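> Structure file my_file_35.tsv (TSV, C-alpha atoms and all ligand atoms) right here:
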```
chain	number	residue	atom	x	y	z
A	847	MET	CA	-7.26	-0.07	3.56
A	848	THR	CA	-5.31	0.70	0.42
A	849	LEU	CA	-3.26	3.79	-0.40
A	850	LEU	CA	-4.99	5.39	-3.38
A	851	TYR	CA	-3.11	7.89	-5.54
A	852	PHE	CA	-5.51	9.94	-7.58
A	853	ASP	CA	-5.40	13.63	-8.47
A	854	PRO	CA	-7.23	15.85	-11.00
A	855	PHE	CA	-3.78	17.17	-11.92
A	856	PHE	CA	-3.34	14.07	-14.12
A	857	GLN	CA	-6.04	15.48	-16.43
A	858	ARG	CA	-3.60	18.19	-17.46
A	859	HIS	CA	-1.73	15.82	-19.75
A	860	MET	CA	-3.90	16.92	-22.68
A	861	THR	CA	-3.92	14.57	-25.64
A	862	GLY	CA	-6.91	15.67	-27.74
A	863	SER	CA	-8.67	12.78	-29.46
A	864	HIS	CA	-5.91	10.33	-28.56
A	865	PRO	CA	-7.17	7.09	-26.92
A	866	GLU	CA	-4.98	7.79	-23.86
A	867	ARG	CA	-7.01	10.82	-22.80
A	868	PRO	CA	-8.11	12.59	-19.61
A	869	ALA	CA	-11.62	11.06	-19.89
A	870	ARG	CA	-10.13	7.73	-18.78
A	871	LEU	CA	-9.47	9.02	-15.28
A	872	LYS	CA	-12.73	10.93	-15.20
A	873	ALA	CA	-14.66	7.69	-15.79
A	874	ILE	CA	-12.62	5.91	-13.12
A	875	GLU	CA	-13.33	8.71	-10.64
A	876	GLU	CA	-17.07	8.46	-11.27
A	877	ARG	CA	-17.09	4.69	-10.83
A	878	LEU	CA	-15.03	4.72	-7.63
A	879	ASN	CA	-17.40	7.35	-6.24
A	880	GLN	CA	-20.48	5.32	-7.24
A	881	ARG	CA	-19.12	2.29	-5.41
A	882	GLY	CA	-17.97	4.23	-2.36
A	883	LEU	CA	-14.40	3.08	-2.93
A	884	PHE	CA	-12.69	6.41	-2.30
A	885	ASP	CA	-14.02	6.30	1.27
A	886	ARG	CA	-12.44	2.92	1.86
A	887	CYS	CA	-8.97	4.11	0.87
A	888	ILE	CA	-6.28	6.34	2.35
A	889	ARG	CA	-5.41	9.28	0.10
A	890	PRO	CA	-1.76	10.26	0.61
A	891	GLN	CA	-0.30	13.63	-0.28
A	892	TRP	CA	2.77	13.45	-2.46
A	893	GLY	CA	4.94	15.54	-4.75
A	894	PRO	CA	6.66	15.16	-8.11
A	895	ALA	CA	9.60	12.79	-8.43
A	896	GLU	CA	13.02	14.32	-7.85
A	897	LEU	CA	15.24	14.60	-10.89
A	898	THR	CA	17.75	12.33	-9.16
A	899	GLN	CA	15.08	9.62	-8.83
A	900	VAL	CA	14.16	9.82	-12.52
A	901	GLU	CA	17.80	9.90	-13.61
A	902	ARG	CA	18.30	6.49	-12.00
A	903	LEU	CA	16.79	5.04	-15.17
A	904	HIS	CA	16.28	7.81	-17.71
A	905	ASP	CA	18.94	9.67	-19.67
A	906	HIS	CA	19.60	13.19	-18.38
A	907	PHE	CA	19.40	14.68	-21.87
A	908	TYR	CA	16.13	12.91	-22.65
A	909	ILE	CA	14.52	14.26	-19.49
A	910	ASP	CA	15.71	17.74	-20.36
A	911	GLU	CA	14.46	17.43	-23.95
A	912	LEU	CA	11.07	16.30	-22.69
A	913	ARG	CA	10.86	19.29	-20.34
A	914	LYS	CA	11.79	21.73	-23.11
A	915	TYR	CA	9.45	20.10	-25.64
A	916	ALA	CA	6.51	20.51	-23.26
A	917	ALA	CA	7.51	24.04	-22.28
A	918	ALA	CA	7.62	24.99	-25.98
A	919	GLY	CA	3.97	23.94	-26.33
A	920	GLY	CA	4.34	20.21	-26.98
A	921	GLY	CA	3.07	18.24	-29.98
A	922	GLN	CA	3.53	14.74	-31.29
A	923	ILE	CA	6.84	13.74	-29.73
A	924	GLU	CA	6.79	10.23	-31.19
A	925	ALA	CA	4.63	8.24	-33.64
A	926	ASP	CA	2.03	7.35	-30.99
A	927	THR	CA	2.74	9.84	-28.22
A	928	VAL	CA	1.41	13.32	-27.59
A	929	VAL	CA	2.85	15.97	-25.25
A	930	SER	CA	1.00	19.07	-24.03
A	931	PRO	CA	2.48	22.08	-22.18
A	932	GLN	CA	2.01	20.50	-18.74
A	933	SER	CA	2.83	16.91	-19.69
A	934	TYR	CA	6.34	17.04	-18.23
A	935	ASP	CA	5.03	18.20	-14.86
A	936	VAL	CA	2.24	15.61	-14.93
A	937	ALA	CA	4.69	12.82	-15.80
A	938	MET	CA	6.93	13.84	-12.88
A	939	VAL	CA	3.94	13.75	-10.50
A	940	ALA	CA	2.99	10.29	-11.87
A	941	ALA	CA	6.51	8.97	-11.27
A	942	GLY	CA	6.47	10.65	-7.85
A	943	ALA	CA	3.25	8.85	-6.93
A	944	VAL	CA	4.75	5.43	-7.58
A	945	CYS	CA	7.94	6.24	-5.66
A	946	ASP	CA	5.91	7.60	-2.74
A	947	ALA	CA	3.65	4.53	-2.76
A	948	VAL	CA	6.69	2.25	-2.66
A	949	ASP	CA	8.15	4.21	0.28
A	950	ARG	CA	4.90	4.09	2.25
A	951	VAL	CA	4.19	0.42	1.61
A	952	LEU	CA	7.75	-0.49	2.62
A	953	ARG	CA	7.39	1.61	5.77
A	954	GLY	CA	4.30	-0.46	6.58
A	955	GLU	CA	1.74	2.36	6.34
A	956	ASP	CA	-0.38	-0.09	4.36
A	957	SER	CA	0.28	-3.33	2.55
A	958	THR	CA	-1.20	-2.21	-0.77
A	959	ALA	CA	-1.31	0.89	-2.98
A	960	LEU	CA	-2.95	1.76	-6.28
A	961	CYS	CA	-1.56	4.62	-8.39
A	962	LEU	CA	-4.15	5.87	-10.88
A	963	VAL	CA	-1.74	7.94	-12.91
A	964	ARG	CA	-1.30	9.30	-16.43
A	965	PRO	CA	0.59	9.16	-18.68
A	966	PRO	CA	1.29	5.40	-18.56
A	967	GLY	CA	4.89	4.24	-18.47
A	968	HIS	CA	5.79	0.67	-19.40
A	969	HIS	CA	6.87	1.37	-23.00
A	970	ALA	CA	9.06	4.36	-22.04
A	971	LEU	CA	12.73	3.72	-22.76
A	972	HIS	CA	15.93	4.93	-21.11
A	973	ASP	CA	16.29	7.77	-23.58
A	974	ALA	CA	13.01	8.01	-25.49
A	975	PRO	CA	9.24	8.19	-25.17
A	976	MET	CA	7.23	5.38	-26.72
A	977	GLY	CA	3.66	4.11	-27.05
A	978	PHE	CA	1.81	6.85	-25.05
A	979	CYS	CA	4.52	6.68	-22.34
A	980	LEU	CA	6.96	9.41	-21.26
A	981	LEU	CA	8.60	8.18	-18.03
A	982	ASN	CA	8.63	4.57	-16.91
A	983	ASN	CA	6.67	4.92	-13.67
A	984	ILE	CA	6.78	1.29	-12.59
A	985	ALA	CA	10.48	0.87	-13.32
A	986	LEU	CA	11.22	4.01	-11.29
A	987	GLY	CA	9.17	2.52	-8.45
A	988	ALA	CA	11.22	-0.69	-8.56
A	989	LYS	CA	14.42	1.35	-8.49
A	990	GLN	CA	13.10	3.33	-5.53
A	991	ALA	CA	12.59	0.08	-3.62
A	992	LEU	CA	16.11	-1.11	-4.39
A	993	GLN	CA	17.97	2.14	-3.80
A	994	THR	CA	16.04	3.97	-1.10
A	995	ALA	CA	14.73	1.05	0.94
A	996	GLN	CA	17.64	-1.19	-0.16
A	997	LEU	CA	15.50	-4.17	-0.99
A	998	ASP	CA	17.21	-7.05	-2.76
A	999	ARG	CA	14.39	-8.45	-4.89
A	1000	VAL	CA	11.36	-6.90	-6.56
A	1001	LEU	CA	8.84	-8.54	-8.90
A	1002	ILE	CA	7.02	-6.57	-11.60
A	1003	VAL	CA	3.87	-8.24	-12.96
A	1004	ASP	CA	2.70	-6.63	-16.21
A	1005	TRP	CA	-0.76	-7.73	-17.42
A	1006	ASP	CA	-1.31	-4.86	-19.86
A	1007	VAL	CA	-2.28	-6.33	-23.24
A	1008	HIS	CA	0.90	-4.85	-24.74
A	1009	HIS	CA	4.35	-6.13	-23.88
A	1010	GLY	CA	6.14	-3.86	-21.40
A	1011	ASN	CA	9.22	-3.51	-23.57
A	1012	GLY	CA	10.55	-0.42	-21.78
A	1013	THR	CA	10.46	-2.10	-18.37
A	1014	GLN	CA	11.99	-5.27	-19.76
A	1015	ALA	CA	14.87	-3.31	-21.34
A	1016	MET	CA	15.63	-1.45	-18.10
A	1017	PHE	CA	16.04	-4.63	-16.05
A	1018	TRP	CA	17.29	-6.96	-18.81
A	1019	ARG	CA	20.61	-7.58	-17.06
A	1020	ASP	CA	19.33	-7.13	-13.51
A	1021	GLU	CA	18.84	-10.06	-11.13
A	1022	GLN	CA	17.20	-7.85	-8.49
A	1023	VAL	CA	14.09	-7.11	-10.54
A	1024	GLY	CA	12.07	-9.98	-11.93
A	1025	PHE	CA	9.92	-8.90	-14.88
A	1026	PHE	CA	6.85	-10.98	-15.72
A	1027	SER	CA	4.66	-9.99	-18.66
A	1028	ALA	CA	1.50	-11.57	-20.07
A	1029	HIS	CA	0.50	-9.95	-23.36
A	1030	ARG	CA	-1.03	-10.38	-26.77
A	1031	PHE	CA	1.47	-11.56	-29.39
A	1032	PRO	CA	2.12	-10.89	-32.20
A	1033	PHE	CA	1.09	-7.33	-31.38
A	1034	TYR	CA	2.51	-3.89	-30.58
A	1035	PRO	CA	5.37	-3.33	-29.75
A	1036	GLY	CA	6.59	-6.59	-31.32
A	1037	THR	CA	8.72	-7.84	-28.42
A	1038	GLY	CA	7.88	-10.30	-25.62
A	1039	GLU	CA	8.63	-13.74	-27.01
A	1040	VAL	CA	9.10	-16.70	-24.66
A	1041	THR	CA	12.77	-16.79	-25.63
A	1042	GLU	CA	13.39	-13.30	-24.15
A	1043	THR	CA	14.56	-14.20	-20.65
A	1044	GLY	CA	17.25	-11.64	-19.79
A	1045	GLU	CA	21.00	-11.60	-20.11
A	1046	GLY	CA	24.13	-11.83	-17.97
A	1047	PRO	CA	23.27	-11.66	-14.27
A	1048	GLY	CA	19.65	-11.00	-15.30
A	1049	LEU	CA	19.32	-14.27	-17.22
A	1050	GLY	CA	16.17	-16.03	-16.02
A	1051	TYR	CA	14.76	-12.89	-14.39
A	1052	THR	CA	12.57	-11.94	-17.34
A	1053	CYS	CA	9.55	-14.13	-18.08
A	1054	ASN	CA	7.30	-13.54	-21.08
A	1055	LEU	CA	3.90	-15.10	-21.70
A	1056	PRO	CA	2.80	-14.28	-25.23
A	1057	PHE	CA	-0.86	-15.04	-26.05
A	1058	ASP	CA	-2.14	-15.55	-29.56
A	1059	TYR	CA	-5.47	-13.78	-29.98
A	1060	ALA	CA	-7.14	-16.49	-32.05
A	1061	THR	CA	-6.52	-19.35	-29.63
A	1062	THR	CA	-6.74	-17.56	-26.27
A	1063	THR	CA	-9.79	-17.84	-24.01
A	1064	PRO	CA	-10.20	-16.20	-20.60
A	1065	ALA	CA	-9.84	-19.64	-19.03
A	1066	SER	CA	-6.66	-20.53	-20.89
A	1067	PHE	CA	-5.22	-17.10	-20.08
A	1068	GLN	CA	-5.96	-17.46	-16.37
A	1069	THR	CA	-4.61	-21.00	-16.09
A	1070	ARG	CA	-1.31	-20.18	-17.74
A	1071	PHE	CA	-0.95	-16.83	-15.98
A	1072	ALA	CA	-1.39	-18.34	-12.52
A	1073	ALA	CA	0.88	-21.34	-13.08
A	1074	GLU	CA	3.70	-19.35	-14.67
A	1075	LEU	CA	3.51	-16.51	-12.17
A	1076	GLU	CA	3.69	-18.88	-9.21
A	1077	ARG	CA	6.68	-20.63	-10.75
A	1078	PHE	CA	8.46	-17.35	-11.55
A	1079	ALA	CA	7.77	-15.83	-8.12
A	1080	GLU	CA	9.24	-18.93	-6.51
A	1081	HIS	CA	12.41	-18.22	-8.50
A	1082	VAL	CA	12.51	-14.45	-7.80
A	1083	LYS	CA	11.33	-14.60	-4.16
A	1084	PRO	CA	10.27	-10.94	-4.19
A	1085	GLN	CA	10.07	-8.71	-1.11
A	1086	LEU	CA	7.71	-6.38	-2.98
A	1087	VAL	CA	5.35	-6.93	-5.91
A	1088	LEU	CA	4.57	-4.17	-8.40
A	1089	ILE	CA	1.76	-4.46	-10.95
A	1090	SER	CA	1.74	-2.78	-14.36
A	1091	ALA	CA	-2.05	-2.79	-14.34
A	1092	GLY	CA	-3.30	-2.23	-17.86
A	1093	PHE	CA	-6.92	-3.04	-18.60
A	1094	ASP	CA	-6.71	-3.10	-22.39
A	1095	ALA	CA	-6.91	-6.90	-22.53
A	1096	HIS	CA	-10.66	-6.37	-21.91
A	1097	ARG	CA	-12.71	-7.84	-24.75
A	1098	GLU	CA	-14.35	-4.48	-25.48
A	1099	ASP	CA	-11.11	-2.53	-25.59
A	1100	PRO	CA	-10.91	-0.64	-28.91
A	1101	ILE	CA	-7.15	-0.96	-29.39
A	1102	GLY	CA	-6.20	-4.06	-27.41
A	1103	SER	CA	-8.35	-7.01	-26.31
A	1104	LEU	CA	-7.42	-10.49	-25.30
A	1105	LYS	CA	-11.10	-11.38	-24.75
A	1106	LEU	CA	-10.99	-10.86	-20.97
A	1107	ASP	CA	-14.09	-9.78	-19.06
A	1108	THR	CA	-14.19	-7.26	-16.24
A	1109	GLU	CA	-14.30	-10.06	-13.65
A	1110	ASP	CA	-11.11	-11.54	-15.04
A	1111	PHE	CA	-9.25	-8.59	-13.53
A	1112	ALA	CA	-10.58	-9.60	-10.12
A	1113	GLU	CA	-9.09	-13.05	-10.66
A	1114	LEU	CA	-5.74	-11.65	-11.83
A	1115	THR	CA	-5.68	-9.45	-8.74
A	1116	ARG	CA	-6.40	-12.47	-6.54
A	1117	VAL	CA	-3.58	-14.48	-8.09
A	1118	VAL	CA	-1.04	-11.67	-7.68
A	1119	ARG	CA	-2.21	-11.12	-4.11
A	1120	GLN	CA	-1.63	-14.77	-3.34
A	1121	VAL	CA	1.91	-14.54	-4.69
A	1122	ALA	CA	2.52	-11.31	-2.73
A	1123	ASN	CA	1.16	-12.87	0.44
A	1124	GLN	CA	3.35	-15.91	0.04
A	1125	HIS	CA	6.61	-14.10	-0.68
A	1126	ALA	CA	6.34	-10.39	0.06
A	1127	GLY	CA	4.25	-9.96	3.20
A	1128	GLY	CA	1.31	-8.94	1.02
A	1129	ARG	CA	3.11	-5.82	-0.22
A	1130	ILE	CA	1.70	-4.66	-3.59
A	1131	VAL	CA	2.02	-1.37	-5.43
A	1132	SER	CA	-0.19	-1.33	-8.51
A	1133	VAL	CA	0.20	1.26	-11.26
A	1134	LEU	CA	-2.29	2.09	-14.02
A	1135	GLU	CA	-1.02	1.49	-17.56
A	1136	GLY	CA	-3.44	1.09	-20.51
A	1137	GLY	CA	-7.19	0.57	-20.92
A	1138	TYR	CA	-9.00	2.57	-23.58
A	1139	HIS	CA	-12.70	1.72	-23.37
A	1140	VAL	CA	-13.37	4.30	-20.67
A	1141	GLU	CA	-16.44	2.60	-19.14
A	1142	ARG	CA	-14.93	-0.89	-19.10
A	1143	LEU	CA	-11.69	0.61	-17.82
A	1144	ALA	CA	-13.61	2.18	-14.94
A	1145	ASP	CA	-15.36	-1.15	-14.17
A	1146	SER	CA	-12.09	-3.06	-14.30
A	1147	VAL	CA	-10.19	-0.61	-12.08
A	1148	ALA	CA	-13.04	-0.85	-9.55
A	1149	VAL	CA	-12.85	-4.66	-9.32
A	1150	HIS	CA	-9.06	-4.47	-9.16
A	1151	LEU	CA	-9.22	-2.00	-6.27
A	1152	GLU	CA	-11.84	-4.10	-4.49
A	1153	GLY	CA	-9.43	-7.02	-4.82
A	1154	LEU	CA	-6.60	-5.02	-3.30
A	1155	LEU	CA	-8.88	-3.89	-0.47
A	1156	GLY	CA	-9.88	-7.49	0.10
A	1157	ASN	CA	-6.29	-8.15	1.08
A	1158	GLU	CA	-6.62	-6.20	4.29
A	1159	GLN	CA	-7.18	-9.40	6.26
A	1160	SER	CA	-3.73	-10.62	5.35
A	1161	VAL	CA	-0.94	-10.02	7.76
A	1162	CYS	CA	1.65	-7.47	6.83
A	1163	PRO	CA	4.63	-8.63	8.88
A	1164	LEU	CA	6.05	-6.25	11.40
A	1165	GLN	CA	8.95	-4.26	10.10
A	1166	GLU	CA	11.63	-3.00	12.41
A	1167	SER	CA	13.22	0.31	11.66
A	1168	GLN	CA	16.95	-0.02	12.03
A	1169	PRO	CA	18.99	2.72	13.77
A	1170	ASP	CA	20.35	3.79	10.39
A	1171	GLY	CA	16.82	4.22	9.05
A	1172	ARG	CA	16.93	1.11	6.91
A	1173	LEU	CA	14.04	-1.28	6.85
A	1174	LYS	CA	14.43	-4.87	7.82
A	1175	LEU	CA	12.15	-6.87	5.61
A	1176	GLY	CA	11.30	-10.52	5.68
A	1201	ZN	ZN	-1.45	-1.41	-23.35
```
Could you take the file, read its structure, and then write that structure out as structure tokens?
Ligand SMILES: [Zn+2]

Amino acid sequence: MTLLYFDPFFQRHMTGSHPERPARLKAIEERLNQRGLFDRCIRPQWGPAELTQVERLHDHFYIDELRKYAAAGGGQIEADTVVSPQSYDVAMVAAGAVCDAVDRVLRGEDSTALCLVRPPGHHALHDAPMGFCLLNNIALGAKQALQTAQLDRVLIVDWDVHHGNGTQAMFWRDEQVGFFSAHRFPFYPGTGEVTETGEGPGLGYTCNLPFDYATTTPASFQTRFAAELERFAEHVKPQLVLISAGFDAHREDPIGSLKLDTEDFAELTRVVRQVANQHAGGRIVSVLEGGYHVERLADSVAVHLEGLLGNEQSVCPLQESQPDGRLKLG
């Protein structure tokens, strides 16, 4: 099975005609129903993230500003980002989903989880919203793994068509979180060159794969993605793999596109699974980021989820609970 985090509450982040809109999740819900995928998943109950969890990576004053801005009715909080009255609450539930998924996967309830949340998170910075993102869901999930379960090494794989600049910045000097991003370049947000590899103790724990639109083909993307990810994972040796799963590299995406087809997301899922099986006992927590052609997004999420479900044959190694409640992980 796979732990599937999905809730109509995420529709309450109202963004009007913005491309990151509630209809995205509606289309995904329809497709997962059509394919009977909800029935093949476990649907956990969870709550919003605690303030202390979010403050591990976000500035206290920023979080408070965001809460007040939403409570006052919201508006355009940043050039590309819209906030509605319930957006703060929705963002906290999104972050809570990823933290809960990390906890459950590390407890061995299942080896994989998919968090179909809004708003997305990988551009969100320590003290500011950015690029449709309010709180950095995936980064908070990585921090949850390190601090609550006391893991030593986590790998974040970001295949959203945009560079995950917020995530990169949060772990720039951190050797416990390997950040791997494949993205269109030059493109928004402008970062993500090969030369950006981290700093200090984090040097070598950031890996960027920029792809030029004109010269990229699905085949060239896949070949480079697989080779570089395998190499980087060998270096990081993760105990848990997180995916910033954006689907805006789809060739029909209205604001992204790196010419990928729906089936390419099945292949990306397979490659990440292989890496997770090799290093992390098959443990994967995947988190929705972008994807703005609602029908192709729904198709792509469905093949991604089928890929995660296909992992159920793999062995999730036994985990022994220690007397102090800590997990012993291979
Ligand atoms: Zn994106």
> Give as a list in words the residues surrounding ligand ZN 1201 (chain A) up to a distance of 8 Å, considering all atoms listed in the file.
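Using all atoms listed in the file, everything at most 8 Å from ligand ZN 1201 (chain A) comes to Asp1006, Val1007, His1008, His1009, Gly1092, Phe1093, Asp1094, Ala1095, Gly1102, Glu1135, Gly1136 and Gly1137 of chain A.
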> If you keep C-alpha atoms, can you produce a file of those selected residues as a short mmCIF file (atom, residue, chain, number, x, y, z; two decimals), keeping the file's coordinate frame?

```
data_model
loop_
_atom_site.label_atom_id
_atom_site.label_comp_id
_atom_site.auth_asym_id
_atom_site.auth_seq_id
_atom_site.Cartn_x
_atom_site.Cartn_y
_atom_site.Cartn_z
CA ASP A 1006 -1.31 -4.86 -19.86
CA VAL A 1007 -2.28 -6.33 -23.24
CA HIS A 1008 0.90 -4.85 -24.74
CA HIS A 1009 4.35 -6.13 -23.88
CA GLY A 1092 -3.30 -2.23 -17.86
CA PHE A 1093 -6.92 -3.04 -18.60
CA ASP A 1094 -6.71 -3.10 -22.39
CA ALA A 1095 -6.91 -6.90 -22.53
CA GLY A 1102 -6.20 -4.06 -27.41
CA GLU A 1135 -1.02 1.49 -17.56
CA GLY A 1136 -3.44 1.09 -20.51
CA GLY A 1137 -7.19 0.57 -20.92
#
```
> Nearest residue to Phe1017 in chain A out of A:Ser1132, A:Thr1043, A:Thr848, A:Gln922, using only C-alpha atoms?
A:Thr1043
> Have a look at CA of Gly1128 in chain A and CA of Cys887 in chain A and let me know their distance in Å, one decimal.
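Computing it gives 16.6 Å between the two atoms.
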> Using all atoms listed in the file, can you tell me which of A:Cys979, A:Val936, A:Arg886, A:Phe852 comes closest to Glu924 in chain A?
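Checking each candidate against Glu924 in chain A, we get A:Cys979 as the closest.
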> Using only C-alpha atoms, which of A:Arg1070, A:Thr1061, A:Arg999, A:Met1016 sits nearest Val1082 in chain A?
A:Arg999
> Write out as a count of residues only the residues lying within 7 Å of range 965-978 of chain A, counting only C-alpha atoms and excluding same-chain residues fewer than 4 positions away.
20
